[in-house]
Structure formats: structure tokens, C-alpha cells
file work-v2.txt (compact mmCIF, C-alpha atoms and all ligand atoms)
# COMPACT_ATOMS: atom_id res chain seq x y z
CA MET A 6 0.00 0.00 0.00
CA THR A 7 1.24 3.47 -0.81
CA THR A 8 1.33 5.74 2.20
CA ILE A 9 2.67 8.82 0.43
CA LYS A 10 -0.16 10.44 -1.46
CA GLU A 11 0.61 10.67 -5.12
CA ALA A 12 0.50 14.22 -6.39
CA THR A 13 -2.65 15.36 -8.15
CA LYS A 14 -1.06 16.56 -11.37
CA LYS A 15 -3.49 19.26 -12.30
CA SER A 16 -3.31 20.86 -8.95
CA MET A 17 0.51 21.08 -8.89
CA LEU A 18 0.17 23.32 -11.89
CA ASP A 19 -2.77 25.10 -10.27
CA ASN A 20 -0.65 25.69 -7.20
CA VAL A 21 2.32 27.18 -8.97
CA MET A 22 0.04 29.37 -11.09
CA GLN A 23 -1.86 30.57 -8.02
CA GLN A 24 1.41 31.38 -6.27
CA PHE A 25 2.69 33.20 -9.34
CA ASN A 26 -0.52 35.17 -9.95
CA LYS A 27 -0.69 36.23 -6.31
CA THR A 28 2.86 37.58 -6.52
CA ALA A 29 2.28 39.19 -9.91
CA ASP A 30 -0.73 41.05 -8.48
CA SER A 31 1.08 42.13 -5.36
CA ILE A 32 4.15 43.53 -7.14
CA LYS A 33 2.11 44.81 -10.10
CA LEU A 34 4.29 42.78 -12.43
CA ASN A 35 4.69 44.27 -15.90
CA PRO A 36 1.75 42.74 -17.87
CA ASN A 37 3.94 41.67 -20.81
CA ILE A 38 6.36 39.85 -18.54
CA ARG A 39 3.42 38.28 -16.77
CA LYS A 40 2.29 36.85 -20.11
CA ILE A 41 5.76 35.44 -20.80
CA LEU A 42 6.19 33.86 -17.37
CA SER A 43 2.68 32.35 -17.39
CA ILE A 44 3.60 29.96 -20.17
CA THR A 45 6.38 27.44 -20.70
CA ASN A 46 8.77 28.07 -23.61
CA ASN A 47 9.09 24.46 -24.78
CA GLU A 48 7.35 21.21 -23.94
CA ILE A 49 9.13 18.18 -25.34
CA ILE A 50 7.43 14.78 -25.32
CA LEU A 51 9.43 11.81 -26.59
CA ASN A 52 8.32 8.25 -27.22
CA PHE A 53 11.25 5.91 -27.60
CA PRO A 54 11.80 2.13 -27.78
CA VAL A 55 14.06 0.13 -25.47
CA LYS A 56 14.95 -3.54 -25.60
CA MET A 57 14.07 -5.28 -22.31
CA ASP A 58 16.04 -8.14 -20.70
CA ASN A 59 13.59 -10.69 -22.13
CA GLY A 60 14.25 -9.46 -25.67
CA GLU A 61 10.94 -7.65 -26.08
CA VAL A 62 10.80 -3.98 -26.99
CA GLN A 63 8.91 -1.57 -24.74
CA ILE A 64 7.96 2.01 -25.63
CA PHE A 65 8.62 4.68 -23.00
CA THR A 66 7.43 8.29 -22.76
CA GLY A 67 9.86 10.93 -21.58
CA TYR A 68 9.32 14.64 -20.98
CA ARG A 69 11.36 17.80 -20.79
CA VAL A 70 9.63 21.10 -20.18
CA GLN A 71 11.69 24.28 -20.48
CA HIS A 72 9.86 27.09 -18.74
CA ASN A 73 12.04 30.17 -19.07
CA ASN A 74 15.68 31.01 -19.84
CA ALA A 75 15.78 34.77 -19.32
CA LEU A 76 18.56 34.47 -16.75
CA GLY A 77 20.60 31.68 -18.35
CA PRO A 78 20.42 28.08 -19.59
CA TYR A 79 17.51 25.93 -18.49
CA LYS A 80 18.26 23.95 -15.33
CA GLY A 81 16.39 21.31 -13.39
CA GLY A 82 16.02 17.66 -12.55
CA LEU A 83 14.69 14.56 -14.27
CA ARG A 84 12.49 12.22 -12.27
CA TYR A 85 11.48 8.63 -12.85
CA HIS A 86 8.00 8.17 -11.45
CA PRO A 87 4.60 6.84 -12.62
CA THR A 88 3.03 10.29 -12.03
CA VAL A 89 5.37 12.14 -14.41
CA ASP A 90 3.51 13.88 -17.20
CA VAL A 91 3.54 17.15 -19.05
CA ASP A 92 1.48 19.10 -16.48
CA ASP A 93 3.66 17.87 -13.64
CA ALA A 94 6.78 18.80 -15.57
CA LYS A 95 5.35 22.26 -16.35
CA ALA A 96 4.67 22.99 -12.69
CA LEU A 97 8.07 21.69 -11.61
CA ALA A 98 9.86 23.61 -14.39
CA MET A 99 8.24 26.85 -13.20
CA TRP A 100 9.37 26.18 -9.65
CA MET A 101 12.90 25.74 -11.00
CA THR A 102 12.76 29.16 -12.68
CA TRP A 103 11.81 30.79 -9.38
CA LYS A 104 14.36 28.72 -7.44
CA THR A 105 17.35 29.57 -9.62
CA SER A 106 16.32 33.21 -9.78
CA LEU A 107 15.95 33.46 -6.01
CA ALA A 108 19.37 31.85 -5.52
CA GLY A 109 20.90 34.43 -7.85
CA LEU A 110 22.16 31.75 -10.26
CA PRO A 111 22.66 32.34 -14.00
CA TYR A 112 19.98 29.78 -14.92
CA GLY A 113 16.40 29.43 -16.05
CA GLY A 114 14.05 26.59 -15.14
CA ALA A 115 13.23 23.19 -16.62
CA LYS A 116 12.07 19.78 -15.45
CA GLY A 117 11.25 16.42 -16.92
CA GLY A 118 11.46 12.72 -16.55
CA ILE A 119 10.09 9.39 -17.60
CA GLN A 120 6.73 7.96 -16.63
CA ILE A 121 7.94 4.72 -15.02
CA ASP A 122 8.20 2.92 -11.73
CA PRO A 123 11.97 2.35 -11.74
CA THR A 124 11.73 -0.51 -9.22
CA ALA A 125 10.06 -2.58 -11.95
CA TYR A 126 13.25 -2.63 -14.08
CA SER A 127 16.68 -4.24 -13.83
CA ILE A 128 19.81 -2.09 -13.66
CA GLY A 129 20.62 -3.00 -17.25
CA GLU A 130 17.16 -1.96 -18.39
CA LEU A 131 17.38 1.34 -16.49
CA GLU A 132 20.71 2.04 -18.13
CA ARG A 133 19.31 1.40 -21.62
CA ILE A 134 16.17 3.47 -20.85
CA THR A 135 18.32 6.37 -19.62
CA ARG A 136 20.74 6.24 -22.54
CA ARG A 137 18.00 6.01 -25.13
CA PHE A 138 16.11 8.90 -23.49
CA THR A 139 19.28 11.00 -23.54
CA TYR A 140 19.81 10.16 -27.20
CA ALA A 141 16.18 11.07 -27.97
CA LEU A 142 16.59 14.41 -26.16
CA GLY A 143 19.48 15.14 -28.52
CA GLU A 144 20.26 18.82 -28.83
CA ASN A 145 17.30 19.76 -26.63
CA ILE A 146 19.80 19.49 -23.78
CA GLY A 147 23.37 20.79 -23.71
CA PRO A 148 25.95 22.25 -21.32
CA GLU A 149 25.09 25.83 -22.25
CA HIS A 150 21.45 25.22 -23.14
CA ASP A 151 19.63 22.89 -20.74
CA ILE A 152 21.35 21.04 -17.92
CA PRO A 153 19.46 18.19 -16.23
CA ALA A 154 20.21 16.86 -12.74
CA PRO A 155 18.91 14.15 -10.40
CA ASP A 156 15.43 14.36 -8.92
CA VAL A 157 12.94 11.82 -7.54
CA ASN A 158 14.25 8.25 -8.19
CA THR A 159 17.23 9.36 -10.27
CA ASN A 160 20.77 9.62 -8.92
CA GLU A 161 24.43 10.02 -9.80
CA GLN A 162 24.43 6.75 -11.72
CA THR A 163 21.60 8.06 -13.93
CA MET A 164 23.62 11.24 -14.55
CA ALA A 165 26.81 9.28 -15.36
CA TRP A 166 24.91 7.35 -18.06
CA MET A 167 23.43 10.55 -19.42
CA ALA A 168 26.75 12.40 -19.54
CA ASP A 169 28.49 9.46 -21.19
CA THR A 170 25.74 9.04 -23.80
CA PHE A 171 25.65 12.74 -24.62
CA MET A 172 29.45 12.99 -24.82
CA SER A 173 29.66 9.84 -26.96
CA THR A 174 27.52 11.47 -29.63
CA LYS A 175 30.09 14.29 -30.02
CA PRO A 176 33.39 14.19 -31.93
CA SER A 177 36.12 13.03 -29.56
CA SER A 178 37.82 16.44 -29.66
CA GLU A 179 34.66 17.95 -28.17
CA ARG A 180 33.93 15.22 -25.67
CA SER A 181 35.30 16.88 -22.56
CA ARG A 182 33.70 20.21 -23.41
CA ASN A 183 30.34 18.54 -22.92
CA GLN A 184 30.81 17.05 -19.47
CA HIS A 185 28.68 19.72 -17.82
CA VAL A 186 25.58 18.71 -19.84
CA VAL A 187 24.29 17.28 -16.55
CA THR A 188 25.11 17.90 -12.89
CA GLY A 189 24.90 15.49 -9.98
CA LYS A 190 27.42 13.13 -11.58
CA PRO A 191 29.56 10.70 -9.51
CA VAL A 192 32.67 12.35 -8.05
CA GLY A 193 34.93 10.15 -10.19
CA SER A 194 33.20 11.27 -13.40
CA GLY A 195 33.16 15.03 -13.18
CA GLY A 196 30.84 15.16 -10.16
CA LEU A 197 31.23 17.62 -7.30
CA GLU A 198 32.32 16.56 -3.83
CA GLY A 199 29.26 17.17 -1.66
CA ARG A 200 26.67 17.55 -4.46
CA ASN A 201 24.71 14.54 -3.22
CA ARG A 202 24.39 16.01 0.28
CA SER A 203 23.81 19.59 -0.82
CA THR A 204 19.99 19.52 -0.99
CA GLY A 205 19.63 17.94 2.46
CA TYR A 206 22.32 20.22 3.82
CA GLY A 207 20.40 23.24 2.56
CA VAL A 208 17.20 22.00 4.19
CA TYR A 209 19.09 21.69 7.49
CA LEU A 210 20.79 25.06 7.09
CA THR A 211 17.59 27.00 6.44
CA ILE A 212 15.97 25.38 9.52
CA LYS A 213 19.03 26.15 11.63
CA LEU A 214 19.11 29.80 10.50
CA LEU A 215 15.38 30.19 11.17
CA TYR A 216 15.79 29.01 14.77
CA LYS A 217 18.93 31.09 15.15
CA SER A 218 16.93 34.21 14.30
CA ARG A 219 14.49 33.21 17.02
CA GLY A 220 17.39 32.90 19.46
CA GLU A 221 17.03 29.10 19.64
CA SER A 222 19.27 26.17 18.78
CA LEU A 223 18.30 22.82 17.26
CA LYS A 224 19.21 20.87 20.38
CA GLY A 225 16.29 18.75 21.55
CA LYS A 226 13.99 19.81 18.70
CA LYS A 227 11.85 16.91 17.51
CA PHE A 228 11.40 16.44 13.79
CA ILE A 229 9.57 14.12 11.40
CA VAL A 230 10.47 13.39 7.78
CA GLN A 231 8.36 12.21 4.87
CA GLY A 232 10.56 10.50 2.27
CA PHE A 233 13.88 8.99 3.27
CA GLY A 234 15.74 9.34 0.00
CA ASN A 235 18.76 11.52 -0.56
CA VAL A 236 17.13 14.72 0.76
CA GLY A 237 15.38 13.22 3.79
CA TYR A 238 18.46 11.28 4.81
CA TRP A 239 21.00 14.11 4.58
CA ALA A 240 18.69 16.64 6.24
CA SER A 241 18.20 14.16 9.12
CA HIS A 242 21.93 13.51 9.30
CA PHE A 243 22.81 17.18 9.76
CA LEU A 244 19.88 17.98 12.07
CA THR A 245 20.72 15.13 14.46
CA GLN A 246 24.38 16.20 14.43
CA ASP A 247 23.16 19.45 15.98
CA GLY A 248 21.17 17.61 18.64
CA ALA A 249 17.72 17.50 17.02
CA ILE A 250 15.80 14.21 17.38
CA LEU A 251 14.25 12.31 14.48
CA ILE A 252 11.06 10.75 15.87
CA ALA A 253 9.22 9.52 12.78
CA VAL A 254 9.72 8.71 9.11
CA GLN A 255 7.18 8.00 6.41
CA ASP A 256 8.00 6.55 3.01
CA ALA A 257 6.02 4.89 0.22
CA HIS A 258 6.00 1.61 2.14
CA ALA A 259 5.58 2.38 5.84
CA THR A 260 5.40 4.98 8.62
CA ILE A 261 7.66 4.37 11.60
CA VAL A 262 7.96 6.14 14.96
CA ASN A 263 10.23 6.15 18.00
CA GLN A 264 9.79 8.99 20.49
CA LYS A 265 13.28 8.36 21.90
CA GLY A 266 14.86 8.99 18.51
CA ILE A 267 15.57 7.02 15.34
CA ALA A 268 19.22 6.28 14.50
CA VAL A 269 19.65 8.03 11.14
CA ALA A 270 22.69 6.14 9.80
CA ALA A 271 21.29 2.75 10.82
CA LEU A 272 17.96 3.53 9.16
CA PHE A 273 19.67 4.65 5.98
CA ASP A 274 21.80 1.48 5.81
CA TYR A 275 18.69 -0.59 6.46
CA SER A 276 16.57 1.10 3.79
CA LYS A 277 19.34 0.98 1.19
CA LYS A 278 19.32 -2.81 1.39
CA ARG A 279 15.54 -2.85 0.87
CA LYS A 280 15.11 -0.78 -2.30
CA GLY A 281 14.73 2.35 -0.18
CA SER A 282 12.01 1.01 2.15
CA VAL A 283 12.06 1.74 5.91
CA GLN A 284 9.48 -0.97 6.63
CA GLY A 285 10.49 -3.43 9.35
CA PHE A 286 13.30 -1.31 10.84
CA SER A 287 13.91 -2.65 14.35
CA GLY A 288 14.75 0.75 15.85
CA ALA A 289 11.17 2.04 15.56
CA GLU A 290 7.55 0.89 15.51
CA GLU A 291 5.19 0.98 12.61
CA MET A 292 2.23 3.34 12.97
CA ASP A 293 -0.93 4.32 11.07
CA PRO A 294 0.21 6.41 8.09
CA LYS A 295 -2.84 8.66 8.38
CA LEU A 296 -1.64 9.92 11.76
CA PHE A 297 1.84 10.92 10.55
CA PHE A 298 1.33 14.63 9.88
CA GLY A 299 -0.52 15.01 13.20
CA LEU A 300 2.43 13.81 15.31
CA ALA A 301 3.54 16.29 17.98
CA CYS A 302 6.91 17.70 16.87
CA ASP A 303 8.75 20.96 16.22
CA ILE A 304 9.72 20.50 12.58
CA LEU A 305 7.97 18.67 9.75
CA ILE A 306 10.04 17.96 6.63
CA PRO A 307 8.06 16.76 3.63
CA ALA A 308 10.82 15.45 1.36
CA ALA A 309 8.94 13.17 -1.03
CA LEU A 310 6.36 14.31 -3.58
CA GLY A 311 4.07 17.28 -4.24
CA ASN A 312 0.63 17.97 -2.71
CA GLN A 313 1.05 16.06 0.54
CA ILE A 314 -0.20 18.74 2.95
CA THR A 315 -3.59 19.91 1.75
CA ALA A 316 -6.93 21.18 3.11
CA GLU A 317 -7.58 17.57 4.13
CA ASN A 318 -4.80 17.28 6.69
CA ALA A 319 -3.14 20.70 7.23
CA TYR A 320 -5.32 21.42 10.28
CA SER A 321 -3.76 18.39 12.06
CA VAL A 322 -0.13 19.54 11.71
CA LYS A 323 1.39 20.23 15.14
CA ALA A 324 4.85 21.32 14.00
CA ASP A 325 5.98 24.96 14.37
CA VAL A 326 7.97 24.80 11.15
CA ILE A 327 7.34 23.03 7.85
CA ALA A 328 10.56 22.80 5.82
CA GLU A 329 9.79 21.90 2.20
CA GLY A 330 12.48 19.41 1.18
CA ALA A 331 10.32 18.32 -1.77
CA ASN A 332 8.96 20.56 -4.52
CA GLY A 333 5.38 21.67 -3.91
CA PRO A 334 4.59 19.44 -0.90
CA VAL A 335 2.15 21.97 0.63
CA ASP A 336 -0.65 23.05 -1.68
CA THR A 337 -2.14 26.54 -1.57
CA ASP A 338 -5.18 25.44 0.51
CA GLY A 339 -2.97 23.56 2.96
CA GLU A 340 -0.68 26.55 3.22
CA LYS A 341 -3.54 28.90 4.09
CA ILE A 342 -4.58 26.68 7.01
CA ALA A 343 -1.01 26.20 8.23
CA LEU A 344 -0.30 29.94 8.14
CA GLU A 345 -3.53 30.69 10.02
CA ASN A 346 -2.34 28.25 12.66
CA GLY A 347 0.89 30.18 13.07
CA ILE A 348 3.14 27.65 11.34
CA THR A 349 6.20 28.98 9.50
CA ILE A 350 6.70 27.36 6.09
CA ILE A 351 10.20 27.52 4.63
CA PRO A 352 9.22 27.34 0.94
CA ASP A 353 10.68 24.79 -1.45
CA ILE A 354 12.32 27.39 -3.69
CA LEU A 355 14.44 28.44 -0.70
CA CYS A 356 14.49 25.33 1.50
CA ASN A 357 15.67 22.81 -1.09
CA SER A 358 17.74 25.20 -3.21
CA GLY A 359 21.00 23.83 -1.78
CA GLY A 360 20.71 21.16 -4.49
CA VAL A 361 20.74 23.46 -7.48
CA ILE A 362 23.32 25.68 -5.80
CA GLY A 363 25.53 22.57 -5.53
CA SER A 364 24.77 21.87 -9.20
CA TYR A 365 25.92 25.35 -10.14
CA PHE A 366 29.29 24.77 -8.47
CA GLU A 367 29.63 21.42 -10.25
CA TRP A 368 28.90 23.11 -13.58
CA LEU A 369 31.46 25.83 -12.86
CA GLN A 370 34.04 23.27 -11.77
CA ASN A 371 33.60 21.35 -15.05
CA ARG A 372 33.59 24.50 -17.14
CA ASN A 373 36.78 25.80 -15.53
CA GLY A 374 38.53 22.44 -15.35
CA GLU A 375 38.92 22.76 -11.59
CA LEU A 376 38.57 20.29 -8.71
CA TRP A 377 37.40 21.48 -5.30
CA SER A 378 37.55 19.69 -1.95
CA LEU A 379 34.44 18.80 0.05
CA GLU A 380 35.30 21.48 2.58
CA GLU A 381 35.60 24.20 -0.08
CA VAL A 382 32.33 23.15 -1.68
CA MET A 383 30.37 23.09 1.57
CA GLN A 384 31.69 26.55 2.45
CA LYS A 385 30.61 27.90 -0.92
CA ILE A 386 27.11 26.40 -0.61
CA ASP A 387 26.79 27.61 2.96
CA LYS A 388 27.77 31.17 2.06
CA LYS A 389 25.45 31.40 -0.94
CA LEU A 390 22.42 29.89 0.76
CA THR A 391 22.91 31.93 3.94
CA GLU A 392 22.90 35.14 1.89
CA VAL A 393 19.69 34.13 0.15
CA PHE A 394 18.11 33.12 3.45
CA TYR A 395 18.76 36.53 5.02
CA LYS A 396 17.49 38.33 1.94
CA VAL A 397 14.19 36.47 2.19
CA GLU A 398 14.04 36.95 5.95
CA GLY A 399 14.65 40.67 5.50
CA LEU A 400 11.65 40.95 3.21
CA VAL A 401 9.50 38.79 5.51
CA GLU A 402 10.14 41.23 8.33
CA GLU A 403 9.95 44.39 6.28
CA GLY A 404 6.73 43.47 4.49
CA GLU A 405 5.19 41.45 7.34
CA ILE A 406 4.53 38.68 4.84
CA ASP A 407 5.01 34.93 4.82
CA TRP A 408 8.21 33.31 3.58
CA ARG A 409 6.84 31.99 0.30
CA THR A 410 5.45 35.37 -0.69
CA ALA A 411 8.78 37.02 0.12
CA ALA A 412 10.77 34.41 -1.83
CA TYR A 413 8.46 34.76 -4.84
CA ILE A 414 8.71 38.54 -4.83
CA LEU A 415 12.51 38.38 -4.90
CA ALA A 416 12.59 35.66 -7.57
CA ILE A 417 10.10 37.23 -9.95
CA THR A 418 11.42 40.76 -9.56
CA ARG A 419 14.88 39.60 -10.64
CA ILE A 420 13.49 38.13 -13.87
CA GLU A 421 11.33 41.23 -14.47
CA THR A 422 14.40 43.45 -14.16
CA ALA A 423 16.32 41.35 -16.70
CA TYR A 424 13.47 41.56 -19.22
CA ILE A 425 13.05 45.29 -18.75
CA GLN A 426 16.79 45.87 -19.24
CA ARG A 427 17.04 43.86 -22.43
CA GLY A 428 13.57 44.24 -23.99
CA ILE A 429 11.81 41.69 -26.16
CA PHE A 430 13.37 40.56 -29.44
CA PRO A 431 12.94 41.73 -32.22
N1 LIG B 501 16.08 18.29 -8.81
C1 LIG B 501 16.63 19.30 -7.93
C2 LIG B 501 15.62 20.39 -7.69
O1 LIG B 501 14.44 20.20 -7.79
C3 LIG B 501 17.97 19.80 -8.43
C4 LIG B 501 17.93 20.52 -9.73
C5 LIG B 501 19.32 20.83 -10.30
O2 LIG B 501 20.29 20.70 -9.57
O3 LIG B 501 19.38 21.21 -11.46
O4 LIG B 501 15.96 21.46 -7.29
call {"tool": "encode", "arguments": {"input": "work-v2.txt", "output": "C-alpha cells"}}
result
Amino acid sequence: MTTIKEATKKSMLDNVMQQFNKTADSIKLNPNIRKILSITNNEIILNFPVKMDNGEVQIFTGYRVQHNNALGPYKGGLRYHPTVDVDDAKALAMWMTWKTSLAGLPYGGAKGGIQIDPTAYSIGELERITRRFTYALGENIGPEHDIPAPDVNTNEQTMAWMADTFMSTKPSSERSRNQHVVTGKPVGSGGLEGRNRSTGYGVYLTIKLLYKSRGESLKGKKFIVQGFGNVGYWASHFLTQDGAILIAVQDAHATIVNQKGIAVAALFDYSKKRKGSVQGFSGAEEMDPKLFFGLACDILIPAALGNQITAENAYSVKADVIAEGANGPVDTDGEKIALENGITIIPDILCNSGGVIGSYFEWLQNRNGELWSLEEVMQKIDKKLTEVFYKVEGLVEEGEIDWRTAAYILAITRIETAYIQRGIFP
């Protein structure tokens, strides 16, 4: 049984459009720029054949939606999930545009993926699916045009296959100039030390800075996490290092609780051996998934899929802080209820932006032919994200507005300024 609600596709797009329109109204966004940002530049749908292990050919559908590139090449992840479709990808691509703009990166926004349940395929099949998808994408991606990265159910192995496939289609003299076609690669193949922890680290850092501004530390704070993949794991790792206590985890298979604290490293090792499932972990007890969001805690980290906290369950949330590790986990109705109840939401475009900030450093490292140590990388990510955090906080206080509204105002204003400076071709 699935315990993580699968995102309602239409409403992810509804959510991002509602958030955008609200901001556009409040800042009186230039009407022409509003028109441009309301649509996605390109929506690519690819059907491609792959030979399965049993010799039969299966047809797959892959997507890449490029929302806007006013600030630089398109950037954003690729996910492998049964819910992936063009509306999902549109919503997620828009969130990437806001995220990269807010972080002050020279990127636009894109997103895509393949509509599959990756657990249903062998490693060999996943490799062939990924390579054939990359080949089908062709020149729609490129190191200075559109740069994919990992997302839900994709990882550094997926990116290594993509980079190799893309580079193999180029003349050998140009091979190395194309390494930064994707980010989130393995460290041995052009990847960045620390990229895999950067999203979770950013989630932790934004929570830490929020409490710091309140004059509090993380010691003794109880937190719960939905999704124990890369983001959920690394956020938990850093939070517990600062003395916070992980009391419950929910994934697609089970919801587990231990009020005394769940051992993060042990749970991660356990789940890795079970295709990412936390079910049956001896250091916690299984509980009713419906009661998860209502658990008494300080911090709730939804780090799985979109539309998890909605009008249906937002009233039950007891946490003081919701830190959006995932993209779009709180819908606009859920947000309204949570804000009325005095909950602070650290919005996705800030909270999980450590990932794309890490990607930016990987891209720069490849472009400049440099190699940085883990320590250097973490310092760079820390500095960049801390600056962005305080910018958003400054606007929250100045405008007496919520964090998402402040983040959106900063993100959209930056794009508006760029358009006004350059005008519209021709
Ligand atoms: N998939 C991640 C996100 O949603 C990372 C994107 C990237 O690094 O390009 O932010």
C-alpha cells in the first residue's frame, strides 16, 4: 500500500500558477512579462523504444519542459515516477525558474522525466532506458542550453549514463567540453564533492538559520520526515548532528515512529538494502500512516512528492515549522490553514535550493577544469544559501509577509528586471 499520497497533477500546476498570480498582483508585475512567465517556452514529449532483458521492446514516454531562460540556460532535474507527465513537468519547471532566480544563479528553469516505476526494471534496463532517453533528447539538452540533474528516483548513476551518452555522440575532440551537460554526476566522473548532500544540507541550514533568528538552537527539537531518499536522509543527518531528534519517518511503504529517537545512519543502511524502504526497521515501531502529519513535533520535513499537505490534513499539523524538502509538498489550501495556525513554512524554492546551488558549483568546476575539496564546496554552498536566506528573511520582516510570498517577490522581480533591461526581441 502506498502511504505517500501521489500528487494530483493538475493541482501542482494550479498551485504554482496561483502562487505566481498572487505575486504578480502584489508587485504589479509588468503585464507583458506576466504573459511570458505564465507559459512554458518548450514542452518536449518523446516516445522511444528500449529492448528489455527478455528481448521484447517496450515504448517509453519521456518529458522535458523548459519554462524560461531569461537568466541563463535551463536547469532542473529529471524524475522517474509513474506520475510524471507534461502538467507535472510544467509545474516543476516553473518552480525551478523561481528557485534559480531566487538563488541568484545564471539559470532558467526546466524539469522532466520518464513515466515509469523504476523498481520494476533491472539495472541493465534502467541504463538502456536512460541512454535512449538522452539520445532522444538530442540537442534539446546541452551544457550551455539545458542542464538536467537528479530528482525523484534518479541519482548520480543516472547522470553518469546521461553524460556518457551525450558525450559519446560528439566528436572526440569535443567530448570533454560537454561534461557539464548534466550535474549530480559521480565524483569520479566530473561530479562535485558534496553535491549529493547539498539539498539535504540546505534543508538543514535554512531550519538552523530560522531558529537562530528566534534565538534558539536545534538541540532537543523533535522532527519528522516524509521521504527517506537523498534529501530526507541528509537533512536528518545534519539535524541530528546538531542535537535534534528524528522521531518519525514515512515513506512509500511504511510509517515508523520512536519517540526516543531514530538512528539516522542505521535507518539509511537498512533502507538501502531494501530498495529504499524503511518498513520493518527494528529501531522504531510501525504506525498508522494517516496519523503521521498530526504527530507532535517541532519540525515537519516533507521530502517526497508534491501535494502532501492539503486542506484535508493541514489542520492536524502540530509542528511549528514546515521545511519543504520536496517541490510543492504543501498546496495553496494547505498553506492557508497552516499559516492561520501560526506555522512557518520555509518554501521549497528556498528550503531545497542547496541542491541546485551545488549543481551550479559542479557546472562551474567542469567549465573551468577545476577540482574542489568537500570542505571548499560546503563553504561555498553555505555562504550562498545563507545570503539568500537573510534576503528572504529581511523581506518577511519588512513586508510582514510569509516566507513563500517574500521568496516569490525576490525571484520574480529579478526576472522582471532582466526583461526590462534587455527588452523583447525583435
Ligand atoms: N532536482 C533538484 C531540484 O528540484 C535539483 C535541480 C538541479 O540541480 O538542477 O531542485
call {"tool": "residues_around", "arguments": {"input": "work-v2.txt", "residues": "Ile44 of chain A", "least_positions_apart": "6", "cutoff": "10 Å", "atoms": "all atoms listed in the file", "output": "MDAnalysis selection string"}}
result
chainID A and resid 22 71:73 95 99
call {"tool": "residues_near_ligand", "arguments": {"input": "work-v2.txt", "ligand": "ligand LIG 501 (chain B)", "cutoff": "7 Å", "atoms": "all atoms listed in the file", "output": "list in words"}}
result
Lys80, Gly81, Gly82, Leu83, Met101, Ile152, Pro153, Ala154, Pro155, Asp156, Thr188, Gly189, Asn332, Asn357, Ser358, Gly360, Val361, Ile362, Gly363 and Ser364 of chain A
call {"tool": "closest_residue", "arguments": {"input": "work-v2.txt", "among": "A:Thr260, A:Thr422, A:Gln313, A:Thr102", "to": "Ser16 of chain A", "atoms": "all atoms listed in the file"}}
result
A:Gln313
call {"tool": "atom_distance", "arguments": {"input": "work-v2.txt", "atom1": "atom CA of Phe430 of chain A", "atom2": "atom CA of Ala141 of chain A"}}
result
29.7 Å
call {"tool": "atom_distance", "arguments": {"input": "work-v2.txt", "atom1": "atom CA of Val91 of chain A", "atom2": "atom CA of Val70 of chain A"}}
result
7.3 Å
call {"tool": "residues_around", "arguments": {"input": "work-v2.txt", "residues": "Gly299 of chain A", "least_positions_apart": "5", "cutoff": "7 Å", "atoms": "all atoms listed in the file", "output": "NGL selection string"}}
result
:A and (321-323)
call {"tool": "atom_distance", "arguments": {"input": "work-v2.txt", "atom1": "atom CA of Ile414 of chain A", "atom2": "atom CA of Val397 of chain A"}}
result
9.1 Å
call {"tool": "residues_around", "arguments": {"input": "work-v2.txt", "residues": "Gln162 of chain A", "least_positions_apart": "2", "cutoff": "9 Å", "atoms": "only C-alpha atoms", "output": "list of chain:residue names"}}
result
A:Glu132, A:Thr159, A:Asn160, A:Met164, A:Ala165, A:Trp166, A:Met167, A:Gly189, A:Lys190, A:Pro191
call {"tool": "closest_residue", "arguments": {"input": "work-v2.txt", "among": "A:Ala98, A:Val187, A:Ile250, A:Leu210", "to": "Lys224 of chain A", "atoms": "only C-alpha atoms"}}
result
A:Ile250
call {"tool": "residues_near_point", "arguments": {"input": "work-v2.txt", "point": "(30.4, 26.8, -21.2)", "cutoff": "10 Å", "atoms": "all atoms listed in the file", "output": "list of chain:residue names"}}
result
A:Gly147, A:Pro148, A:Glu149, A:His150, A:Arg182, A:Asn183, A:Gln184, A:His185, A:Val186, A:Trp368, A:Leu369, A:Asn371, A:Arg372, A:Asn373
call {"tool": "residues_around", "arguments": {"input": "work-v2.txt", "residues": "Ala343 of chain A", "least_positions_apart": "4", "cutoff": "10 Å", "atoms": "only C-alpha atoms", "output": "ChimeraX atom specification"}}
result
/A:314-316,318-327,335,337-339,347-350
call {"tool": "residues_around", "arguments": {"input": "work-v2.txt", "residues": "Asn35 of chain A", "least_positions_apart": "3", "cutoff": "10 Å", "atoms": "all atoms listed in the file", "output": "number ranges by chain"}}
result
A: 29-30, 32, 38-40, 418, 421-422, 424-425
call {"tool": "closest_residue", "arguments": {"input": "work-v2.txt", "among": "A:Lys227, A:Arg200, A:Arg409, A:Lys341", "to": "Phe366 of chain A", "atoms": "only C-alpha atoms"}}
result
A:Arg200
call {"tool": "axis_aligned_box", "arguments": {"input": "work-v2.txt", "around": "segment 158-164 of chain A", "padding_each_side": "5 Å", "output": "lines of an AutoDock Vina configuration file"}}
result
center_x = 19.3
center_y = 9.0
center_z = -11.4
size_x = 20.2
size_y = 14.5
size_z = 16.4
call {"tool": "closest_residue", "arguments": {"input": "work-v2.txt", "among": "A:Asp122, A:Glu48, A:Glu290, A:Glu317", "to": "Asp336 of chain A", "atoms": "all atoms listed in the file"}}
result
A:Glu317
call {"tool": "closest_residue", "arguments": {"input": "work-v2.txt", "among": "A:Pro334, A:Gly117, A:Gly225, A:Gly199", "to": "Gln384 of chain A", "atoms": "all atoms listed in the file"}}
result
A:Gly199
call {"tool": "closest_residue", "arguments": {"input": "work-v2.txt", "among": "A:Tyr216, A:Tyr275, A:Phe25, A:Tyr68", "to": "Asp93 of chain A", "atoms": "only C-alpha atoms"}}
result
A:Tyr68
